[in-house]
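Structure data (compact mmCIF, C-alpha atoms) from start_35.txt:
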```
# COMPACT_ATOMS: atom_id res chain seq x y z
CA MET A 23 28.81 8.65 9.00
CA ALA A 24 27.78 7.38 5.58
CA SER A 25 29.42 8.29 2.34
CA ARG A 26 27.81 11.70 1.85
CA MET A 27 29.10 12.19 -1.68
CA PHE A 28 27.71 8.81 -2.77
CA ALA A 29 24.35 9.48 -1.15
CA THR A 30 24.08 12.94 -2.66
CA ALA A 31 24.78 11.57 -6.12
CA LEU A 32 22.26 8.78 -5.57
CA ARG A 33 19.52 11.19 -4.51
CA ALA A 34 20.16 13.39 -7.54
CA ALA A 35 20.00 10.38 -9.85
CA SER A 36 16.85 9.14 -8.12
CA ARG A 37 15.09 12.47 -8.58
CA ARG A 38 15.95 12.44 -12.27
CA ALA A 39 14.79 8.85 -12.65
CA ILE A 40 11.41 9.23 -10.99
CA ARG A 41 10.25 12.57 -12.33
CA PRO A 42 6.46 12.09 -12.67
CA ALA A 43 4.84 11.83 -16.04
CA THR A 44 2.04 14.26 -16.77
CA VAL A 45 -0.28 11.66 -18.32
CA ALA A 46 -0.81 8.03 -17.32
CA ARG A 47 0.25 5.74 -20.14
CA PRO A 48 -1.66 2.57 -21.04
CA LEU A 49 -0.53 -0.94 -20.19
CA SER A 50 0.61 -1.65 -23.71
CA ALA A 51 3.31 1.01 -23.30
CA LEU A 52 4.31 -0.03 -19.80
CA ALA A 53 5.42 -3.66 -20.00
CA SER A 54 8.12 -4.42 -17.46
CA ALA A 55 11.09 -6.39 -18.81
CA ASN A 56 12.19 -7.49 -15.35
CA LEU A 57 11.35 -7.14 -11.67
CA LYS A 58 12.90 -3.70 -11.37
CA GLN A 59 10.40 -0.87 -11.13
CA SER A 60 11.41 0.69 -14.44
CA ALA A 61 9.16 0.67 -17.47
CA VAL A 62 10.34 -0.51 -20.88
CA LYS A 63 8.32 -0.11 -24.07
CA VAL A 64 7.90 -3.40 -25.89
CA SER A 65 5.56 -4.73 -28.54
CA ALA A 66 2.44 -6.74 -27.73
CA ALA A 67 4.09 -9.86 -29.15
CA GLN A 68 7.04 -9.46 -26.79
CA GLN A 69 4.71 -9.08 -23.81
CA ILE A 70 3.02 -12.47 -24.25
CA ARG A 71 5.04 -15.12 -22.40
CA GLY A 72 4.83 -17.48 -19.44
CA TYR A 73 4.79 -16.58 -15.77
CA LYS A 74 8.11 -16.51 -13.92
CA THR A 75 9.23 -18.84 -11.16
CA LEU A 76 11.96 -17.16 -9.14
CA ASN A 77 14.09 -18.11 -6.16
CA PHE A 78 13.35 -15.97 -3.09
CA GLY A 79 16.07 -16.72 -0.56
CA GLY A 80 15.96 -20.44 -1.33
CA THR A 81 12.20 -20.80 -1.91
CA GLU A 82 10.72 -21.05 -5.39
CA GLU A 83 7.73 -18.75 -6.00
CA THR A 84 5.78 -17.75 -9.09
CA VAL A 85 5.39 -14.07 -9.86
CA PHE A 86 3.03 -12.41 -12.30
CA GLU A 87 4.16 -9.29 -14.12
CA ARG A 88 2.42 -6.52 -16.00
CA SER A 89 3.68 -7.94 -19.29
CA ASP A 90 1.71 -11.15 -18.57
CA VAL A 91 -1.53 -9.17 -19.05
CA PRO A 92 -1.17 -6.81 -22.02
CA LYS A 93 -3.89 -4.23 -22.41
CA GLU A 94 -5.69 -6.26 -25.07
CA LYS A 95 -6.00 -9.19 -22.68
CA LEU A 96 -7.17 -6.93 -19.83
CA LEU A 97 -9.93 -5.40 -21.94
CA GLU A 98 -10.99 -8.76 -23.34
CA THR A 99 -11.22 -10.22 -19.82
CA PHE A 100 -13.57 -7.47 -18.61
CA LYS A 101 -15.33 -6.54 -21.85
CA ASP A 102 -18.75 -7.51 -20.45
CA ASP A 103 -18.19 -6.19 -16.93
CA THR A 104 -18.97 -3.07 -14.99
CA ILE A 105 -16.32 -2.54 -12.33
CA ALA A 106 -17.90 -0.82 -9.32
CA VAL A 107 -15.30 0.73 -7.03
CA LEU A 108 -16.82 1.37 -3.61
CA GLY A 109 -15.17 4.23 -1.79
CA TYR A 110 -13.10 7.06 -3.27
CA GLY A 111 -10.62 7.14 -0.43
CA PRO A 112 -6.88 6.62 -1.04
CA GLN A 113 -7.11 3.04 -2.39
CA GLY A 114 -10.43 3.52 -4.18
CA ARG A 115 -9.26 6.65 -5.94
CA GLY A 116 -5.90 5.24 -7.02
CA GLN A 117 -7.28 1.95 -8.28
CA ALA A 118 -10.30 3.51 -9.99
CA LEU A 119 -8.28 6.12 -11.87
CA ASN A 120 -5.78 3.52 -13.03
CA LEU A 121 -8.54 1.22 -14.27
CA ARG A 122 -10.22 4.14 -16.05
CA ASP A 123 -6.95 5.12 -17.73
CA ASN A 124 -6.52 1.52 -18.85
CA GLY A 125 -9.86 1.66 -20.65
CA VAL A 126 -11.93 -0.51 -18.31
CA ASN A 127 -15.61 0.34 -17.67
CA VAL A 128 -15.54 1.75 -14.13
CA ILE A 129 -18.16 3.34 -11.90
CA ILE A 130 -17.77 4.76 -8.39
CA GLY A 131 -19.92 4.20 -5.30
CA GLN A 132 -19.39 6.99 -2.79
CA ARG A 133 -21.34 8.79 -0.09
CA GLU A 134 -21.84 12.51 -0.65
CA GLY A 135 -19.38 14.82 1.03
CA LYS A 136 -15.85 16.10 0.49
CA THR A 137 -14.62 12.92 -1.19
CA TYR A 138 -17.69 12.82 -3.46
CA GLN A 139 -16.88 16.35 -4.63
CA GLN A 140 -13.27 15.34 -5.28
CA ALA A 141 -14.52 12.52 -7.51
CA ILE A 142 -16.59 15.03 -9.51
CA GLU A 143 -13.57 17.31 -9.87
CA GLU A 144 -11.60 14.37 -11.24
CA GLY A 145 -14.08 13.62 -13.99
CA TRP A 146 -16.62 11.24 -12.46
CA VAL A 147 -20.18 12.24 -13.38
CA PRO A 148 -23.14 11.76 -11.00
CA GLY A 149 -25.73 9.47 -12.56
CA LYS A 150 -23.32 8.30 -15.25
CA ASN A 151 -20.37 6.74 -13.43
CA LEU A 152 -20.73 8.14 -9.90
CA PHE A 153 -23.49 6.72 -7.70
CA PRO A 154 -24.52 6.16 -4.09
CA VAL A 155 -22.74 3.09 -2.71
CA LEU A 156 -25.63 0.62 -2.87
CA ASP A 157 -26.64 1.77 -6.36
CA ALA A 158 -23.10 1.03 -7.53
CA VAL A 159 -23.22 -2.42 -5.92
CA GLU A 160 -26.43 -3.19 -7.80
CA LYS A 161 -25.03 -1.97 -11.14
CA GLY A 162 -21.61 -3.59 -10.83
CA THR A 163 -20.66 -7.09 -11.96
CA VAL A 164 -17.29 -6.78 -10.22
CA VAL A 165 -17.77 -5.04 -6.87
CA MET A 166 -14.49 -3.67 -5.49
CA ASN A 167 -15.14 -3.14 -1.79
CA LEU A 168 -12.60 -0.49 -0.84
CA LEU A 169 -14.67 1.11 1.89
CA SER A 170 -13.17 1.46 5.36
CA ASP A 171 -13.18 -1.76 7.40
CA ALA A 172 -15.67 -0.29 9.85
CA TYR A 173 -18.06 0.91 7.12
CA GLN A 174 -17.84 -2.42 5.32
CA THR A 175 -19.26 -4.02 8.45
CA GLU A 176 -21.96 -1.36 8.84
CA ILE A 177 -23.25 -1.54 5.25
CA TRP A 178 -22.97 -5.31 4.73
CA PRO A 179 -26.60 -6.22 5.63
CA ALA A 180 -27.83 -3.91 2.85
CA MET A 181 -25.08 -4.88 0.39
CA GLN A 182 -25.25 -8.67 0.68
CA PRO A 183 -28.62 -9.16 -1.12
CA LEU A 184 -27.31 -7.15 -4.08
CA LEU A 185 -24.43 -9.59 -4.65
CA THR A 186 -26.35 -11.80 -7.02
CA PRO A 187 -25.09 -15.06 -8.60
CA GLY A 188 -22.22 -14.61 -11.05
CA LYS A 189 -20.86 -11.39 -9.56
CA THR A 190 -17.36 -10.92 -8.19
CA LEU A 191 -16.64 -9.40 -4.78
CA TYR A 192 -13.16 -7.86 -4.58
CA PHE A 193 -11.18 -6.68 -1.57
CA SER A 194 -7.75 -5.13 -1.08
CA HIS A 195 -7.55 -6.41 2.49
CA GLY A 196 -8.58 -9.75 3.96
CA PHE A 197 -9.84 -8.10 7.15
CA SER A 198 -13.61 -8.33 6.70
CA VAL A 199 -13.71 -11.90 5.43
CA VAL A 200 -11.10 -13.45 7.72
CA TYR A 201 -12.52 -11.89 10.88
CA ASN A 202 -16.14 -12.59 9.92
CA ASP A 203 -16.92 -13.63 13.48
CA GLN A 204 -16.63 -9.91 14.27
CA THR A 205 -17.63 -8.29 10.98
CA LYS A 206 -20.44 -10.76 10.09
CA ILE A 207 -19.35 -10.51 6.46
CA ILE A 208 -19.95 -13.94 4.93
CA PRO A 209 -20.13 -13.76 1.11
CA PRO A 210 -22.80 -15.71 -0.81
CA LYS A 211 -21.53 -19.06 -2.12
CA ASP A 212 -22.44 -18.37 -5.76
CA ILE A 213 -20.05 -15.46 -6.36
CA ASP A 214 -16.29 -15.16 -6.79
CA VAL A 215 -14.46 -13.61 -3.83
CA ILE A 216 -10.99 -12.30 -4.63
CA LEU A 217 -8.29 -9.99 -3.33
CA VAL A 218 -5.55 -7.77 -4.71
CA ALA A 219 -3.56 -6.00 -2.01
CA PRO A 220 -1.14 -3.28 -3.21
CA LYS A 221 1.86 -2.97 -0.91
CA GLY A 222 1.51 0.73 -0.40
CA SER A 223 -0.96 3.55 -0.07
CA GLY A 224 -3.47 4.41 -2.78
CA PHE A 225 -1.48 7.58 -3.39
CA THR A 226 1.55 5.44 -4.23
CA VAL A 227 -0.54 3.12 -6.41
CA ARG A 228 -1.55 6.12 -8.51
CA ARG A 229 1.80 7.90 -8.51
CA LEU A 230 3.78 4.84 -9.64
CA PHE A 231 1.25 4.22 -12.41
CA THR A 232 1.50 7.77 -13.74
CA GLU A 233 5.30 7.48 -13.60
CA GLY A 234 5.13 4.43 -15.85
CA ARG A 235 6.12 2.06 -13.06
CA GLY A 236 3.94 -0.14 -10.88
CA ILE A 237 3.44 -1.17 -7.28
CA ASN A 238 4.02 -4.72 -6.03
CA SER A 239 0.86 -6.47 -4.85
CA SER A 240 -0.30 -9.76 -3.41
CA PHE A 241 -3.41 -11.56 -4.66
CA ALA A 242 -5.65 -14.35 -3.44
CA VAL A 243 -8.82 -16.24 -4.30
CA TYR A 244 -11.14 -16.99 -1.39
CA GLN A 245 -14.01 -18.41 -3.42
CA ASP A 246 -14.08 -19.51 -7.07
CA ALA A 247 -17.69 -19.94 -8.15
CA SER A 248 -17.01 -19.17 -11.83
CA GLY A 249 -13.96 -21.37 -12.30
CA LYS A 250 -12.15 -18.32 -13.71
CA ALA A 251 -11.50 -16.36 -10.53
CA ARG A 252 -7.71 -16.76 -10.46
CA ASP A 253 -7.09 -15.52 -14.01
CA ARG A 254 -9.52 -12.65 -13.53
CA THR A 255 -7.82 -11.68 -10.27
CA ILE A 256 -4.41 -11.53 -11.95
CA ALA A 257 -5.81 -9.42 -14.77
CA LEU A 258 -7.59 -7.06 -12.40
CA GLY A 259 -4.42 -6.71 -10.32
CA ILE A 260 -2.51 -5.54 -13.38
CA GLY A 261 -5.41 -3.27 -14.31
CA ILE A 262 -5.29 -1.41 -11.00
CA GLY A 263 -1.59 -0.65 -11.46
CA SER A 264 0.44 -3.57 -10.13
CA GLY A 265 3.91 -3.98 -11.61
CA TYR A 266 4.19 -7.53 -10.32
CA MET A 267 2.17 -9.76 -8.01
CA TYR A 268 2.67 -12.81 -5.81
CA GLU A 269 0.06 -15.24 -4.56
CA THR A 270 -1.09 -15.52 -0.96
CA THR A 271 -4.27 -16.32 0.98
CA PHE A 272 -6.80 -13.99 2.60
CA GLU A 273 -5.56 -15.10 6.02
CA LYS A 274 -1.86 -14.59 5.31
CA GLU A 275 -2.52 -11.24 3.67
CA VAL A 276 -4.41 -9.79 6.61
CA TYR A 277 -2.05 -11.23 9.23
CA SER A 278 1.07 -9.90 7.47
CA ASP A 279 -0.57 -6.56 6.66
CA LEU A 280 -1.79 -5.77 10.17
CA PHE A 281 1.48 -7.05 11.62
CA GLY A 282 3.63 -4.98 9.26
CA GLU A 283 1.67 -1.76 9.76
CA ARG A 284 1.92 -2.03 13.52
CA GLY A 285 5.52 -3.14 13.27
CA VAL A 286 8.43 -2.00 11.13
CA LEU A 287 6.37 -0.16 8.51
CA MET A 288 4.70 2.33 10.85
CA GLY A 289 4.35 1.64 14.57
CA ALA A 290 7.80 0.32 15.41
CA ILE A 291 9.64 2.84 13.27
CA GLN A 292 7.92 5.76 15.03
CA GLY A 293 8.76 4.18 18.39
CA LEU A 294 12.42 3.74 17.45
CA PHE A 295 12.71 7.24 16.00
CA GLN A 296 11.15 8.74 19.12
CA ALA A 297 13.31 6.73 21.54
CA GLN A 298 16.60 7.55 19.81
CA TYR A 299 15.67 11.22 19.50
CA GLU A 300 14.80 11.43 23.21
CA VAL A 301 18.12 9.86 24.25
CA LEU A 302 20.08 12.28 22.09
CA ARG A 303 18.17 15.28 23.43
CA ALA A 304 18.60 14.09 27.03
CA ASN A 305 22.34 14.02 26.45
CA GLY A 306 22.58 17.61 25.24
CA HIS A 307 22.26 17.28 21.47
CA SER A 308 20.35 20.01 19.65
CA PRO A 309 17.00 19.27 17.98
CA SER A 310 18.49 19.66 14.51
CA GLU A 311 21.37 17.31 15.26
CA ALA A 312 19.11 14.76 16.94
CA PHE A 313 16.68 14.77 14.01
CA ASN A 314 19.41 14.56 11.40
CA GLU A 315 21.08 11.60 13.11
CA THR A 316 17.76 9.84 13.69
CA VAL A 317 15.49 10.48 10.70
CA GLU A 318 17.02 12.64 7.99
CA GLU A 319 20.13 10.57 7.35
CA ALA A 320 18.02 7.40 7.48
CA THR A 321 15.35 8.47 5.00
CA GLN A 322 17.48 10.59 2.67
CA SER A 323 20.79 8.71 2.62
CA LEU A 324 20.66 5.19 3.99
CA TYR A 325 17.18 3.77 3.34
CA PRO A 326 17.39 4.48 -0.41
CA LEU A 327 20.50 2.29 -0.49
CA ILE A 328 18.61 -0.53 1.23
CA GLY A 329 15.82 -0.21 -1.31
CA GLU A 330 18.31 -0.26 -4.16
CA ARG A 331 20.34 -3.37 -3.31
CA GLY A 332 19.80 -4.51 0.27
CA MET A 333 21.11 -4.00 3.80
CA ASP A 334 24.63 -5.25 3.10
CA TRP A 335 24.88 -2.77 0.20
CA MET A 336 23.96 0.06 2.54
CA TYR A 337 26.52 -1.15 5.10
CA SER A 338 29.23 -1.43 2.44
CA ASN A 339 28.72 2.22 1.47
CA CYS A 340 29.29 3.48 5.00
CA SER A 341 32.53 3.99 6.92
CA THR A 342 34.25 1.01 8.53
CA THR A 343 33.44 2.51 11.93
CA ALA A 344 29.73 2.67 11.07
CA GLN A 345 29.85 -0.88 9.72
CA ARG A 346 31.45 -2.20 12.90
CA GLY A 347 28.89 -0.49 15.12
CA ALA A 348 25.94 -1.71 13.07
CA LEU A 349 27.22 -5.29 12.96
CA ASP A 350 27.80 -5.29 16.72
CA TRP A 351 24.43 -3.78 17.66
CA TRP A 352 21.84 -5.27 15.29
CA ARG A 353 21.61 -8.49 17.30
CA PRO A 354 20.87 -6.78 20.65
CA PHE A 355 18.11 -4.80 18.93
CA HIS A 356 16.82 -8.02 17.38
CA ASP A 357 16.79 -9.82 20.71
CA ALA A 358 15.10 -6.91 22.48
CA SER A 359 12.39 -6.41 19.85
CA LYS A 360 11.54 -9.97 18.81
CA PRO A 361 9.39 -10.70 21.89
CA VAL A 362 7.38 -7.55 21.14
CA PHE A 363 6.87 -8.68 17.55
CA GLU A 364 5.79 -12.13 18.73
CA GLU A 365 3.26 -10.55 21.09
CA LEU A 366 2.03 -8.34 18.24
CA TYR A 367 1.58 -11.24 15.81
CA ALA A 368 -0.39 -13.20 18.42
CA SER A 369 -2.61 -10.16 18.95
CA VAL A 370 -3.25 -9.94 15.21
CA ARG A 371 -3.98 -13.63 14.81
CA ASN A 372 -6.36 -13.95 17.76
CA GLY A 373 -8.46 -11.00 16.58
CA SER A 374 -7.59 -8.56 19.37
CA GLU A 375 -6.24 -5.99 16.90
CA THR A 376 -9.35 -6.34 14.75
CA ALA A 377 -11.70 -5.89 17.69
CA ARG A 378 -9.91 -2.73 18.81
CA SER A 379 -9.85 -1.31 15.29
CA LEU A 380 -13.54 -1.94 14.69
CA ASP A 381 -14.46 -0.52 18.08
CA ARG A 382 -12.38 2.65 17.78
CA ASN A 383 -13.12 3.32 14.11
CA SER A 384 -16.89 2.93 14.40
CA LYS A 385 -17.36 5.51 17.15
CA PRO A 386 -19.12 8.78 16.20
CA ASP A 387 -16.12 10.85 17.32
CA TYR A 388 -13.59 8.61 15.55
CA ARG A 389 -12.17 11.32 13.29
CA GLU A 390 -11.82 13.83 16.12
CA LYS A 391 -10.00 11.30 18.32
CA LEU A 392 -7.77 10.24 15.42
CA GLU A 393 -6.78 13.83 14.78
CA GLU A 394 -5.86 14.23 18.46
CA GLU A 395 -3.54 11.23 18.27
CA LEU A 396 -1.97 12.38 15.01
CA ALA A 397 -1.54 15.87 16.43
CA GLU A 398 0.40 14.42 19.37
CA ILE A 399 2.94 13.04 16.89
CA ARG A 400 2.87 16.04 14.57
CA GLU A 401 3.35 18.55 17.38
CA SER A 402 6.11 16.63 19.16
CA GLU A 403 9.52 18.28 19.13
CA LEU A 404 10.86 15.46 16.94
CA TRP A 405 8.54 16.14 14.02
CA ARG A 406 8.45 19.91 14.47
CA ALA A 407 12.24 19.82 14.15
CA GLY A 408 11.78 17.62 11.11
CA LYS A 409 9.57 20.19 9.41
CA THR A 410 12.36 22.76 9.67
CA VAL A 411 15.01 20.30 8.50
CA ARG A 412 12.95 19.35 5.44
CA GLN A 413 12.68 23.02 4.47
CA LEU A 414 16.49 23.12 4.28
CA ARG A 415 16.72 20.44 1.61
CA PRO A 416 17.92 22.16 -1.60
CA GLU A 417 14.87 21.02 -3.56
CA ASN A 418 12.59 22.62 -0.93
CA VAL A 419 14.28 26.00 -0.61
CA GLY A 420 11.75 28.75 -1.32
CA LYS A 421 8.76 26.49 -0.83
CA ASN A 422 6.32 26.72 2.08
```
Step by step, read the file and then write its structure as structure tokens.
Amino acid sequence: MASRMFATALRAASRRAIRPATVARPLSALASANLKQSAVKVSAAQQIRGYKTLNFGGTEETVFERSDVPKEKLLETFKDDTIAVLGYGPQGRGQALNLRDNGVNVIIGQREGKTYQQAIEEGWVPGKNLFPVLDAVEKGTVVMNLLSDAYQTEIWPAMQPLLTPGKTLYFSHGFSVVYNDQTKIIPPKDIDVILVAPKGSGFTVRRLFTEGRGINSSFAVYQDASGKARDRTIALGIGIGSGYMYETTFEKEVYSDLFGERGVLMGAIQGLFQAQYEVLRANGHSPSEAFNETVEEATQSLYPLIGERGMDWMYSNCSTTAQRGALDWWRPFHDASKPVFEELYASVRNGSETARSLDRNSKPDYREKLEEELAEIRESELWRAGKTVRQLRPENVGKN
């Protein structure tokens, strides 16, 4: 359907362009000259300039780039601070390693177990920069609360008294603060409360940093007791690996995040993949053909074109027959799905999604139940076919 030769060339170029670096480079060597996710080496003098106001589809917004906070400024901002990262899960690990590589004084708060051992293997030393969670809270001046939403609620009564005047409480998700009627997390009035929310997994936060790029993030200030919270938030956002950032509020961040995850980013896309695959299989198409026409061509050929220059660019690089079909059918899909999205957003805003998440994720058998649900997806014919198809990609030949 699409221009196979174009897509093949694009994938080859993409693989060459994003080959990971072996060592994370410091901020001073990673200043971005524009909003593209490519790193350009520039001098410290070139990095120091004003913030950008850009036009996003007719609306003016200010963006903050890595070059706005050179490494010298980052280190000066936090020279008297101890950054305590709570939780060494995906976000905690990615953000903590990036901060450490940028020269910031970082400690970890983590319960003992598999993740605790991983932290030790990656250079964190018990008693030096690896502590039990509450010990890290007490030692930290900037407390980055990257624990799971459910555990944040559970540990809050013990954590709250340790957040003494002058400290900063940091989140990467507005969940706990916005839905405080359910979480009971109400920060003390004499501390800064801030947020930096990377738009991707902690794995991606770390990978893009080591590749010399950077993830896009939103940031917000919920409470400014020091009078310096906004500038410190921007600096910390760059320190954890953001390439550029845009400003939001705690409420808008959590509403858009929960909505997006349940929608196009994760929930809806699985539903659409599954539905199209089932229709193809019911009409006699083989598993390999159904998977290729549903997932493989999307992820390997078409979606990279969207990411590069937009939907119209992807359309323009497909056949006229494919263009005509897409232009005729996108509106029926829009009309069919919009009521579902509206119902979803209402569920997010009224707290129903939060209540279900806290209830499910706080049960003793949470991990076992989660694995059952993931196994249902993993073991479906769709994704078992996908495993075989992925093995056929030239770059995967000979690998397990």
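Each of A:Thr75, A:Asn305, A:Asn202, A:Thr175 was checked against A:Gly373 using all atoms listed in the file; the smallest atom-to-atom distance is that of A:Asn202.
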**Prompt:** Hey, what's within 10 Å of stretch 335-338 of chain A if we count only C-alpha atoms and toss same-chain stuff fewer than 6 positions away? As a PyMOL selection string, please?
**Reply:** chain A and resi 24-25+323-329+344-346+348-349
May I have the residues from that selection written out with C-alpha atoms, as a JSON list (two decimals), in the coordinates of the input?
```json
[["chain", "number", "residue", "atom", "x", "y", "z"],
["A", 24, "ALA", "CA", 27.78, 7.38, 5.58],
["A", 25, "SER", "CA", 29.42, 8.29, 2.34],
["A", 323, "SER", "CA", 20.79, 8.71, 2.62],
["A", 324, "LEU", "CA", 20.66, 5.19, 3.99],
["A", 325, "TYR", "CA", 17.18, 3.77, 3.34],
["A", 326, "PRO", "CA", 17.39, 4.48, -0.41],
["A", 327, "LEU", "CA", 20.50, 2.29, -0.49],
["A", 328, "ILE", "CA", 18.61, -0.53, 1.23],
["A", 329, "GLY", "CA", 15.82, -0.21, -1.31],
["A", 344, "ALA", "CA", 29.73, 2.67, 11.07],
["A", 345, "GLN", "CA", 29.85, -0.88, 9.72],
["A", 346, "ARG", "CA", 31.45, -2.20, 12.90],
["A", 348, "ALA", "CA", 25.94, -1.71, 13.07],
["A", 349, "LEU", "CA", 27.22, -5.29, 12.96]]
```
**Prompt:** Which of these, A:Val317, A:Ala407, A:Leu96, A:Leu191, has the shortest distance to A:Pro209 once you count only C-alpha atoms?
**Reply:** A:Leu191
**Message:** Using all atoms listed in the file, can you tell me which of A:Arg389, A:His356, A:Arg331, A:Arg88 comes closest to A:Gly236?
**Reply:**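 So, comparing all the options, the nearest one is A:Arg88.
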**Item:** Point-to-point distance in Å for atom CA of A:Ala106 and atom CA of A:Val165
**Value:** 4.9 Å
**Message:** Please determine, counting only C-alpha atoms, which residue among A:Lys136, A:Lys221, A:Arg400, A:Lys189 has the shortest atom-to-atom distance to A:Gly162.
**Reply:**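 Nearest candidate to A:Gly162 out of A:Lys136, A:Lys221, A:Arg400, A:Lys189: A:Lys189.
Within 8 Å of the point (17.1, 22.5, 10.4), counting all atoms listed in the file, the protein and nucleic acid residues come to A:Ser310, A:Ala407, A:Gly408, A:Lys409, A:Thr410, A:Val411, A:Arg412, A:Gln413, A:Leu414.
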**Request:** Find the distance between atom CA of A:Glu417 and atom CA of A:Glu319 and write it in Å to one decimal.
**Result:**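 Atom-to-atom, atom CA of A:Glu417 and atom CA of A:Glu319 are spaced 16.0 Å apart.
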